[in-house]
Every structure is written in C-alpha cells, then in structure tokens.
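Just below is one structure, and these are the notes that go with it.
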Amino acid sequence: MAESERPTHPLTTDEAWAFTASRASATTFFFDFDGVLSPVTDDPDASQPVPSVLGVLARLAESVARVAIVSARPVSFLRSRFETLDNVDLFGLYGLEVWHDGQVVTEPAALDFVPAMADLAERARTELPAEILVEYKRLSVALHYRTAPEHVRAVERWAHEQAERLGLRIQNGRMVVELKPPVDQDKGMVITEGVRNAGCAWYFGDDMSDIKAFDALRAREAVDPRFFGMAVAVANPETGAEVSSAADLTLESPDAVAAFLTEGLRRF
C-alpha cells in the first residue's frame, strides 16, 4: 500500500491491522474505561480492568506512538487502576483532567464549579430516592440508577431542574445521568486534538459520549487523506445498538477487547 493510500470503510480487521502495523510509529489507541476495559458494575467504585488488560496495554504502548484512556472517571480513579502504566496518558472527566508525564492538568474554567458540585452531591443524596447511587467526582456528579431503574424519570427530572438552576450540562449514559460544568469539553474534542498529528488512530467505546469520539475520527479522515481512523464499539444491552451503528467494528465484551488487541499485536 502506497504511503498516501489508506483502507476504505467498510474494511476487514485484517486490513485495519495491516495498515496500523505499517504506521505504528504514527498511531494512537484511545480507550474508554467502563464497559470497554472493565465490565460495568452496580458499584462504580468496584470496577476493575479485566485481568489481561494491563499487560496488553503495556505491550501496545511499546508498539505504537501513544496509548490513552479517555473516561468520565476522574484521573485519580484512573491512576488507581493503571498506576503501573507510566507511558499511558489518562483523560479524566471527558478531558477536564489530563494525566501526562506525571502531572495532572485541570481545565481552569471547570475549577470554579467544585463548590457547586460538592453541594449538588449532598443535595442529591438528600432529595433523590435512597436507591440512587450518587457519585461525586469533584468536577461533576453522576446519578446511577442501575439498581433502581424504576426511578429513571425522577432522576432525569431532578437532574434537569438542577442543571437549569446552576447552569450545568447533562450527559446521559448507561443507566446514569451526569451533571457537568458548562465547559466546552467532551471526548470528541479530546480525540480531535489527539489525532492532529497522528497518521492512524483507533477509539474503543461503548456509550453515547463515545459517538463524538467516533465522529472526530471521521472528521479527521475528511480533511486528511492520509489519516485512517478505526471506531470500535463494545456490545451492551443499554446503548449497544446505537453505538455499534456508528462504529466500524463491534466486540462483545471487555475480555474480547483484550483478546482482540493481543491478536492484533502479533501483526507488529
């Protein structure tokens, strides 16, 4: 394949891996965490990467230009799960926090909302049904109704009321509603910036916020005929159909993601 050529969508996984291996030094791999590298759990604090993930990400980071995790989780949480991976970048809270070269950088505009988020978390614990798990993330508050889906309407109504009261934004996800600062930052923007100088990039996601990352790959392809992007969905019963419809490929589980990467690394 000539330097200026790239695979045409749709394509086989063999074609995608072959092109990626030939451009390894200019390739970035991006991963969501929950539902992609870890199974989704009733208790978010209990989530752990599947056993083989750490090893395969370490090998991947040695083989390509960059590996990054782009998550709704805070960087502090991601560090607790991936602290042995010194050469993997971490984007927390949709990119409001970044761990790179041993430092955390926080979007300054979001810091003004830390007190409001702390108050909002306490208000949620008081005003919402006891079955709703309130996850306080310093710069955002996530309201999980996975164990009490019958309260979804009450959670959504309350979240919209608070968003209007405080001028916040809402991010819907898999059995969760999240309130965020009104700062222009999302996974799509992280990927747009992250692929600016890349020749190839993969993104693995499972939720609605990941579709923006897929779109960022497509947008880069539209303006750079040498760039190749591969969007990979991970199946799930909540958002799987919509995310898969936006992807090039769908894998069945986080374990399947690890196995897929292990197989792909044999091409390098």
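Every chain in the structure tokens takes a letter, A first, then B, and so on in the order presented; its residues are numbered from 1, and the ligands are numbered from 1 following the presented order.
Every protein, DNA or RNA residue with an atom at most 12 Å from Asp184 of chain A, where only C-alpha atoms count and chain neighbours fewer than 5 positions away do not, is listed here: Tyr94, Gly95, Leu96, Glu107, Pro108, Ala109, Ala110, Leu168, Arg169, Met189 and Val190 of chain A.
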### Task
Tell me, as a PyMOL selection string, which residues lie within 10 Å of Val75 of chain A, counting only C-alpha atoms; anything in the same chain fewer than 3 positions away does not count.
chain A and resi 69-72+78-81+89-93+95-99+104-106+137
### Message
Measuring between only C-alpha atoms, which one of A:Ala259, A:Leu249, A:Met208, A:Val223 shows the shortest distance to Thr13 of chain A?
### Response
A:Leu249
Write out as CSV a residue-level contact list of segment 118-218 of chain A versus segment 18-29 of chain A with cut-off 12 Å: for each qualifying residue the closest pair of atoms and the distance in Å to one decimal, counting only C-alpha atoms, rows sorted by chain and residue number upward.
```
residue,atom,partner,partner_atom,distance
A:Ile191,CA,A:Thr28,CA,9.9
A:Glu193,CA,A:Thr28,CA,11.8
A:Gly194,CA,A:Thr28,CA,8.1
A:Val195,CA,A:Thr28,CA,7.5
A:Arg196,CA,A:Thr28,CA,10.7
A:Asn197,CA,A:Ala26,CA,8.0
A:Ala198,CA,A:Ala26,CA,5.3
A:Gly199,CA,A:Ala26,CA,5.1
A:Cys200,CA,A:Thr27,CA,4.6
A:Ala201,CA,A:Thr28,CA,4.7
A:Trp202,CA,A:Phe29,CA,4.8
A:Tyr203,CA,A:Phe29,CA,6.1
A:Phe204,CA,A:Phe29,CA,8.2
A:Gly205,CA,A:Phe29,CA,11.5
A:Ala213,CA,A:Phe29,CA,11.9
A:Leu217,CA,A:Thr28,CA,11.4
```
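Residues in contact with Glu252 of chain A at 9 Å, where only C-alpha atoms are counted and same-chain residues fewer than 5 positions away are skipped, are listed as Ala233, Val234, Ala235, Asn236 and Val257 of chain A.
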### Message
For the structure I just gave you, how does DSSP split segment 17-247 of chain A - specifically, which residues are alpha helix (DSSP H)? Reply as a ChimeraX atom specification.
### Response
/A:17-22,53-63,75-82,108-111,114-127,152-166,187-194,208-223,240-245
### Message
Write out as number ranges by chain the set of residues from segment 58-261 of chain A that DSSP, computed on the backbone, places in strand (DSSP E or B).
### Response
A: 66-70, 89-92, 97-100, 103-106, 133-136, 141-144, 169-173, 176-180, 200-205, 228-234, 249-251
### Query
Using only C-alpha atoms, which of A:Phe77, A:Phe113, A:Phe227, A:Phe268 sits nearest Val64 of chain A?
A:Phe268
### Best match for closeness to Pro74 of chain A among A:Gly102, A:Ala142, A:Asn87, A:Leu37, counting only C-alpha atoms
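Going through A:Gly102, A:Ala142, A:Asn87, A:Leu37 one by one, the smallest distance to Pro74 of chain A is for A:Ala142.
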### Message
Ranking A:Arg59, A:Arg73, A:Arg146, A:Arg220 by minimum distance to Leu85 of chain A and counting only C-alpha atoms, which one comes first?
### Response
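Between A:Arg59, A:Arg73, A:Arg146, A:Arg220, the residue approaching Leu85 of chain A most closely is A:Arg59.
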Closest pair table for segment 2-85 of chain A residues within 12 Å of segment 237-242 of chain A, only C-alpha atoms, as a Markdown table:
```
| residue | atom | partner | partner_atom | distance |
| --- | --- | --- | --- | --- |
| A:Gly35 | CA | A:Gly240 | CA | 10.4 |
| A:Val36 | CA | A:Gly240 | CA | 11.7 |
| A:Val40 | CA | A:Glu238 | CA | 11.2 |
```
### Message
Measuring between only C-alpha atoms, which one of A:Leu111, A:Ala16, A:Leu133, A:Leu57 shows the shortest distance to Asp45 of chain A?
### Response
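Going through A:Leu111, A:Ala16, A:Leu133, A:Leu57 one by one, the smallest distance to Asp45 of chain A is for A:Leu133.
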